[in-house]
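Note: the block below is input_12.cif and it holds mmCIF, C-alpha atoms and all ligand atoms; chains and numbers go by the auth columns.
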```cif
data_target
loop_
_atom_site.group_PDB
_atom_site.id
_atom_site.type_symbol
_atom_site.label_atom_id
_atom_site.label_comp_id
_atom_site.label_asym_id
_atom_site.label_seq_id
_atom_site.Cartn_x
_atom_site.Cartn_y
_atom_site.Cartn_z
_atom_site.B_iso_or_equiv
_atom_site.auth_seq_id
_atom_site.auth_asym_id
ATOM 1 C CA MET A 1 0.000 0.000 0.000 0.00 5 A
ATOM 2 C CA HIS A 2 0.981 3.614 -0.661 0.00 6 A
ATOM 3 C CA GLU A 3 1.082 4.625 3.023 0.00 7 A
ATOM 4 C CA TRP A 4 3.402 1.742 3.852 0.00 8 A
ATOM 5 C CA SER A 5 5.996 2.611 1.244 0.00 9 A
ATOM 6 C CA ILE A 6 5.875 6.235 2.395 0.00 10 A
ATOM 7 C CA ALA A 7 6.388 5.129 6.015 0.00 11 A
ATOM 8 C CA PHE A 8 9.388 3.128 4.875 0.00 12 A
ATOM 9 C CA MET A 9 10.917 6.186 3.189 0.00 13 A
ATOM 10 C CA ILE A 10 10.274 8.356 6.250 0.00 14 A
ATOM 11 C CA LEU A 11 12.013 5.907 8.573 0.00 15 A
ATOM 12 C CA ASP A 12 14.920 5.763 6.188 0.00 16 A
ATOM 13 C CA ALA A 13 15.208 9.551 6.172 0.00 17 A
ATOM 14 C CA LEU A 14 14.848 9.654 9.959 0.00 18 A
ATOM 15 C CA GLU A 15 18.062 7.699 10.417 0.00 19 A
ATOM 16 C CA ASP A 16 20.013 10.422 8.614 0.00 20 A
ATOM 17 C CA LEU A 17 18.054 13.230 10.235 0.00 21 A
ATOM 18 C CA ALA A 18 18.655 11.954 13.773 0.00 22 A
ATOM 19 C CA LYS A 19 22.315 11.491 12.968 0.00 23 A
ATOM 20 C CA SER A 20 22.768 14.996 11.555 0.00 24 A
ATOM 21 C CA GLU A 21 20.922 16.461 14.550 0.00 25 A
ATOM 22 C CA GLY A 22 23.138 14.447 16.871 0.00 26 A
ATOM 23 C CA LEU A 23 20.190 12.745 18.546 0.00 27 A
ATOM 24 C CA SER A 24 20.845 9.278 19.842 0.00 28 A
ATOM 25 C CA ASN A 25 17.564 8.792 21.623 0.00 29 A
ATOM 26 C CA VAL A 26 14.587 9.935 19.576 0.00 30 A
ATOM 27 C CA HIS A 27 11.284 9.711 21.412 0.00 31 A
ATOM 28 C CA PHE A 28 8.865 11.830 19.408 0.00 32 A
ATOM 29 C CA VAL A 29 8.446 12.358 15.679 0.00 33 A
ATOM 30 C CA GLU A 30 5.799 14.439 13.967 0.00 34 A
ATOM 31 C CA VAL A 31 5.215 13.934 10.270 0.00 35 A
ATOM 32 C CA SER A 32 3.247 16.447 8.202 0.00 36 A
ATOM 33 C CA TYR A 33 1.851 15.810 4.750 0.00 37 A
ATOM 34 C CA GLY A 34 0.122 18.085 2.281 0.00 38 A
ATOM 35 C CA SER A 35 -3.598 17.542 1.841 0.00 39 A
ATOM 36 C CA VAL A 36 -3.053 17.196 -1.913 0.00 40 A
ATOM 37 C CA MET A 37 -1.448 13.823 -1.203 0.00 41 A
ATOM 38 C CA GLU A 38 -4.758 12.546 0.157 0.00 42 A
ATOM 39 C CA LEU A 39 -3.132 10.091 2.490 0.00 43 A
ATOM 40 C CA ASP A 40 -4.778 8.129 5.232 0.00 44 A
ATOM 41 C CA GLY A 41 -3.112 9.666 8.291 0.00 45 A
ATOM 42 C CA SER A 42 -4.054 6.951 10.736 0.00 46 A
ATOM 43 C CA LEU A 43 -2.865 4.260 8.361 0.00 47 A
ATOM 44 C CA LEU A 44 0.447 6.075 7.911 0.00 48 A
ATOM 45 C CA LYS A 45 0.860 6.308 11.676 0.00 49 A
ATOM 46 C CA GLU A 46 0.129 2.608 12.017 0.00 50 A
ATOM 47 C CA ALA A 47 2.673 1.802 9.314 0.00 51 A
ATOM 48 C CA LEU A 48 5.344 3.930 11.005 0.00 52 A
ATOM 49 C CA THR A 49 4.770 2.196 14.320 0.00 53 A
ATOM 50 C CA GLU A 50 4.789 -1.268 12.771 0.00 54 A
ATOM 51 C CA LEU A 51 7.823 -0.740 10.548 0.00 55 A
ATOM 52 C CA SER A 52 9.916 0.772 13.330 0.00 56 A
ATOM 53 C CA LYS A 53 9.567 -2.323 15.486 0.00 57 A
ATOM 54 C CA GLY A 54 12.884 -3.969 16.157 0.00 58 A
ATOM 55 C CA GLY A 55 14.779 -0.924 14.900 0.00 59 A
ATOM 56 C CA SER A 56 16.317 2.160 16.442 0.00 60 A
ATOM 57 C CA PHE A 57 12.967 4.000 16.401 0.00 61 A
ATOM 58 C CA GLU A 58 11.052 1.293 18.186 0.00 62 A
ATOM 59 C CA SER A 59 10.079 3.376 21.205 0.00 63 A
ATOM 60 C CA VAL A 60 9.295 6.531 19.246 0.00 64 A
ATOM 61 C CA GLU A 61 5.858 8.056 19.512 0.00 65 A
ATOM 62 C CA PHE A 62 4.687 9.040 16.041 0.00 66 A
ATOM 63 C CA SER A 63 2.246 11.780 15.236 0.00 67 A
ATOM 64 C CA VAL A 64 0.875 12.316 11.746 0.00 68 A
ATOM 65 C CA VAL A 65 -0.791 15.594 10.794 0.00 69 A
ATOM 66 C CA GLU A 66 -2.316 16.842 7.563 0.00 70 A
ATOM 67 C CA GLU A 67 -1.467 20.377 6.496 0.00 71 A
ATOM 68 C CA PRO A 68 -3.432 22.235 3.850 0.00 72 A
ATOM 69 C CA THR A 69 -1.801 22.437 0.456 0.00 73 A
ATOM 70 C CA VAL A 70 -1.904 26.021 -0.791 0.00 74 A
ATOM 71 C CA PHE A 71 -1.534 26.947 -4.445 0.00 75 A
ATOM 72 C CA ARG A 72 -0.698 30.317 -5.950 0.00 76 A
ATOM 73 C CA CYS A 73 -1.678 31.184 -9.473 0.00 77 A
ATOM 74 C CA SER A 74 1.175 32.654 -11.525 0.00 78 A
ATOM 75 C CA ARG A 75 -1.216 34.517 -13.769 0.00 79 A
ATOM 76 C CA CYS A 76 -3.611 36.296 -11.407 0.00 80 A
ATOM 77 C CA GLY A 77 -1.936 35.800 -8.033 0.00 81 A
ATOM 78 C CA ASN A 78 -4.931 34.029 -6.540 0.00 82 A
ATOM 79 C CA GLU A 79 -4.164 31.700 -3.637 0.00 83 A
ATOM 80 C CA TRP A 80 -6.351 28.788 -2.707 0.00 84 A
ATOM 81 C CA GLU A 81 -6.343 25.658 -0.636 0.00 85 A
ATOM 82 C CA PHE A 82 -6.525 22.254 -2.154 0.00 86 A
ATOM 83 C CA SER A 83 -9.742 20.382 -1.786 0.00 87 A
ATOM 84 C CA HIS A 84 -10.724 17.261 -3.592 0.00 88 A
ATOM 85 C CA GLU A 85 -13.699 18.964 -5.256 0.00 89 A
ATOM 86 C CA LEU A 86 -11.281 21.095 -7.284 0.00 90 A
ATOM 87 C CA ILE A 87 -10.086 18.144 -9.255 0.00 91 A
ATOM 88 C CA GLU A 88 -11.782 18.170 -12.591 0.00 92 A
ATOM 89 C CA GLY A 89 -12.641 15.067 -14.461 0.00 93 A
ATOM 90 C CA ASP A 90 -11.587 12.951 -11.544 0.00 94 A
ATOM 91 C CA ARG A 91 -13.898 10.091 -12.262 0.00 95 A
ATOM 92 C CA LYS A 92 -13.666 7.730 -9.421 0.00 96 A
ATOM 93 C CA VAL A 93 -13.554 4.195 -10.579 0.00 97 A
ATOM 94 C CA LEU A 94 -15.857 2.105 -8.557 0.00 98 A
ATOM 95 C CA GLU A 95 -14.828 -1.414 -9.213 0.00 99 A
ATOM 96 C CA GLU A 96 -15.509 -4.199 -6.826 0.00 100 A
ATOM 97 C CA GLY A 97 -16.100 -1.622 -4.122 0.00 101 A
ATOM 98 C CA VAL A 98 -12.677 -0.062 -4.442 0.00 102 A
ATOM 99 C CA GLU A 99 -12.755 3.671 -4.838 0.00 103 A
ATOM 100 C CA GLU A 100 -9.526 5.513 -5.486 0.00 104 A
ATOM 101 C CA SER A 101 -8.656 8.768 -7.168 0.00 105 A
ATOM 102 C CA SER A 102 -5.637 9.079 -9.394 0.00 106 A
ATOM 103 C CA VAL A 103 -4.198 11.847 -7.219 0.00 107 A
ATOM 104 C CA HIS A 104 -3.883 9.505 -4.301 0.00 108 A
ATOM 105 C CA PHE A 105 -1.306 7.540 -6.201 0.00 109 A
ATOM 106 C CA ILE A 106 0.574 10.287 -7.969 0.00 110 A
ATOM 107 C CA PRO A 107 0.458 13.658 -6.209 0.00 111 A
ATOM 108 C CA GLU A 108 2.461 15.161 -9.076 0.00 112 A
ATOM 109 C CA LEU A 109 -0.604 14.626 -11.225 0.00 113 A
ATOM 110 C CA ALA A 110 -2.671 17.147 -9.303 0.00 114 A
ATOM 111 C CA PRO A 111 -1.588 20.240 -11.269 0.00 115 A
ATOM 112 C CA ALA A 112 -2.712 18.548 -14.450 0.00 116 A
ATOM 113 C CA LEU A 113 -6.155 18.058 -12.968 0.00 117 A
ATOM 114 C CA ILE A 114 -6.631 21.401 -11.237 0.00 118 A
ATOM 115 C CA LYS A 115 -7.217 24.904 -12.587 0.00 119 A
ATOM 116 C CA CYS A 116 -7.069 28.253 -10.831 0.00 120 A
ATOM 117 C CA PRO A 117 -10.624 28.702 -9.515 0.00 121 A
ATOM 118 C CA LYS A 118 -10.480 32.406 -10.404 0.00 122 A
ATOM 119 C CA CYS A 119 -8.958 32.628 -13.876 0.00 123 A
ATOM 120 C CA GLN A 120 -8.901 28.971 -14.935 0.00 124 A
ATOM 121 C CA SER A 121 -5.159 29.067 -15.551 0.00 125 A
ATOM 122 C CA ARG A 122 -3.111 25.949 -15.104 0.00 126 A
ATOM 123 C CA ASP A 123 0.003 27.976 -14.428 0.00 127 A
ATOM 124 C CA PHE A 124 0.320 27.739 -10.654 0.00 128 A
ATOM 125 C CA GLN A 125 2.568 26.406 -7.942 0.00 129 A
ATOM 126 C CA ALA A 126 2.148 24.764 -4.576 0.00 130 A
ATOM 127 C CA ILE A 127 3.534 27.232 -2.044 0.00 131 A
ATOM 128 C CA LYS A 128 2.624 25.317 1.109 0.00 132 A
ATOM 129 C CA GLY A 129 1.925 21.738 2.107 0.00 133 A
ATOM 130 C CA LYS A 130 3.586 20.354 -0.976 0.00 134 A
ATOM 131 C CA GLY A 131 4.820 16.972 0.108 0.00 135 A
ATOM 132 C CA ILE A 132 5.709 15.100 3.208 0.00 136 A
ATOM 133 C CA ARG A 133 8.154 16.211 5.875 0.00 137 A
ATOM 134 C CA VAL A 134 9.319 15.583 9.410 0.00 138 A
ATOM 135 C CA SER A 135 7.939 18.648 11.153 0.00 139 A
ATOM 136 C CA ARG A 136 9.108 17.803 14.646 0.00 140 A
ATOM 137 C CA LEU A 137 11.843 15.630 16.052 0.00 141 A
ATOM 138 C CA GLU A 138 12.438 15.241 19.767 0.00 142 A
ATOM 139 C CA GLY A 139 15.121 13.271 21.491 0.00 143 A
ATOM 140 C CA SER A 140 18.222 13.447 23.627 0.00 144 A
ATOM 141 C CA ARG A 141 21.853 13.727 22.692 0.00 145 A
HETATM 142 ZN ZN ZN B . -5.506 32.576 -11.586 0.00 201 B
#
```
Output the file's structure as structure tokens, nothing else.
Amino acid sequence: MHEWSIAFMILDALEDLAKSEGLSNVHFVEVSYGSVMELDGSLLKEALTELSKGGSFESVEFSVVEEPTVFRCSRCGNEWEFSHELIEGDRKVLEEGVEESSVHFIPELAPALIKCPKCQSRDFQAIKGKGIRVSRLEGSR
């Protein structure tokens, strides 16, 4: 699943991050992801907890928070927050009860599916809540 592979990448990055921060005993990690990624936060948290078992982050308390993705239009300067309703032509495929949008799998696809709500331009950038990041790291040296 998507969330599990992301959790794996986060844990990998955490090793380096803890090392560069000089933390030997990490006890709290907060992960923030942009709403455009449409992740399942509780599933990601579960994956982080499961995958860290037996490793150096075993006793870490994980927190996963969603932050709004904000876009800015390069043409008219309009700024708006991502919401799923903005995706045009996002026909959800309902097959055998499985409902998934294409954006869930490839966040990079979002700009191709969204237009500026004000001027309809596709020339815009994510200025906030773009991807996934470790927003807080607590531990002892
Ligand atoms: Zn615009």
Open item on the list: List as a PyMOL selection string the protein and nucleic acid residues near Lys119 of chain A, meaning an atom at most 9 Å away when only C-alpha atoms are counted, but skip any in the same chain fewer than 4 places from it.
Closed with: chain A and resi 77+90-92+115+123-128
- [ ] Rank A:Val35, A:Ile14, A:Leu43, A:Cys80 by their smallest atom-to-atom distance to ligand ZN 201 (chain B), using only C-alpha atoms and all ligand atoms, and report the top residue only.
- [x]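 Closest to ligand ZN 201 (chain B), using only C-alpha atoms and all ligand atoms: A:Cys80.
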TODO: Could you tell me which of A:Lys23, A:Lys49, A:Arg76, A:His31 comes closest to ligand ZN 201 (chain B) if we count only C-alpha atoms and all ligand atoms?
DONE: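 Smallest distance to ligand ZN 201 (chain B) is found for A:Arg76.
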TODO: Just give me the gap between atom CA of Ser9 of chain A and atom CA of Gln129 of chain A in Å, one decimal is fine.
DONE: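 Pair atom CA of Ser9 of chain A / atom CA of Gln129 of chain A returns 25.7 Å.
Among the candidate residues A:His88, A:Val138, A:Ala130, A:Gly81, the one lying nearest to ligand ZN 201 (chain B) is A:Gly81, with distances computed using all atoms listed in the file.
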Open item on the list: Take the PyMOL selection byres (((chain A and resi 71) around 7) and not hetatm), run it mentally on this structure, and tell me the resulting residues as a ChimeraX atom specification.
Closed with: /A:36-39,69-70,72-73,133
Same residues, C-alpha atoms, saved as an mmCIF file, in the frame of the given file:
```
data_model
loop_
_atom_site.group_PDB
_atom_site.id
_atom_site.type_symbol
_atom_site.label_atom_id
_atom_site.label_comp_id
_atom_site.auth_asym_id
_atom_site.auth_seq_id
_atom_site.Cartn_x
_atom_site.Cartn_y
_atom_site.Cartn_z
ATOM 1 C CA SER A 36 3.247 16.447 8.202
ATOM 2 C CA TYR A 37 1.851 15.810 4.750
ATOM 3 C CA GLY A 38 0.122 18.085 2.281
ATOM 4 C CA SER A 39 -3.598 17.542 1.841
ATOM 5 C CA VAL A 69 -0.791 15.594 10.794
ATOM 6 C CA GLU A 70 -2.316 16.842 7.563
ATOM 7 C CA PRO A 72 -3.432 22.235 3.850
ATOM 8 C CA THR A 73 -1.801 22.437 0.456
ATOM 9 C CA GLY A 133 1.925 21.738 2.107
#
```
Task: Matched chain/residue IDs from the PyMOL selection byres (((chain A and resi 48) around 8) and not hetatm), as number ranges by chain - done: A: 7-8, 10-11, 43-47, 49-52, 68
Go ahead and fit an axis-aligned box to every listed atom of segment 16-27 of chain A plus 4 Å each side, and pass me the centre and edge lengths in Å, one decimal, as AutoDock Vina command-line options.
```
--center_x 19.0 --center_y 11.1 --center_z 12.4 --size_x 16.3 --size_y 18.7 --size_z 20.4
```
Running the PyMOL selection byres (((chain A and resi 131) around 6) and not hetatm) on this model by hand, what would come out? Give it as a PDB file with C-alpha atoms, in the coordinates of the input.
```pdb
ATOM      1  CA  VAL A  74      -1.904  26.021  -0.791  1.00  0.00           C
ATOM      2  CA  PHE A  75      -1.534  26.947  -4.445  1.00  0.00           C
ATOM      3  CA  ALA A 130       2.148  24.764  -4.576  1.00  0.00           C
ATOM      4  CA  LYS A 132       2.624  25.317   1.109  1.00  0.00           C
TER       5      LYS A 132
END
```
TODO: Go through A:Ser78, A:Val33, A:Met13, A:Ser87 one by one, measure the shortest atom-to-atom distance of each to ligand ZN 201 (chain B) using all atoms listed in the file, and give the residue with the smallest value.
DONE: A:Ser78
Task: Point-to-point distance from atom CA of Met41 of chain A to atom CA of Arg137 of chain A, Å rounded to tenths - done: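 Between atom CA of Met41 of chain A and atom CA of Arg137 of chain A the gap works out to 12.2 Å.
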- [ ] Go through A:Lys57, A:Arg140, A:Lys122, A:His6 and flag the residue nearest ligand ZN 201 (chain B), using only C-alpha atoms and all ligand atoms for the distances.
- [x]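 Checking each candidate against ligand ZN 201 (chain B), we get A:Lys122 as the closest.
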TODO: Would you mind telling me which residue in A:Gly143, A:Lys134, A:Phe12, A:Ile118 lies nearest to Val64 of chain A when using all atoms listed in the file?
DONE: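 Ranked by minimum distance to Val64 of chain A, first place goes to A:Gly143.
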Task: Straight-line distance linking atom CA of Gly26 of chain A with atom CA of Ser144 of chain A, stated in Å to one decimal - done: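 For atom CA of Gly26 of chain A relative to atom CA of Ser144 of chain A, the distance reads 8.4 Å.
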Open item on the list: Give me, as a VMD selection string, all polymer residues having an atom no more than 12 Å from Ser60 of chain A, counting all atoms listed in the file and skipping those fewer than 6 positions away in the same chain.
Closed with: chain A and resid 15 to 16 18 to 20 22 to 23 27 to 31 53
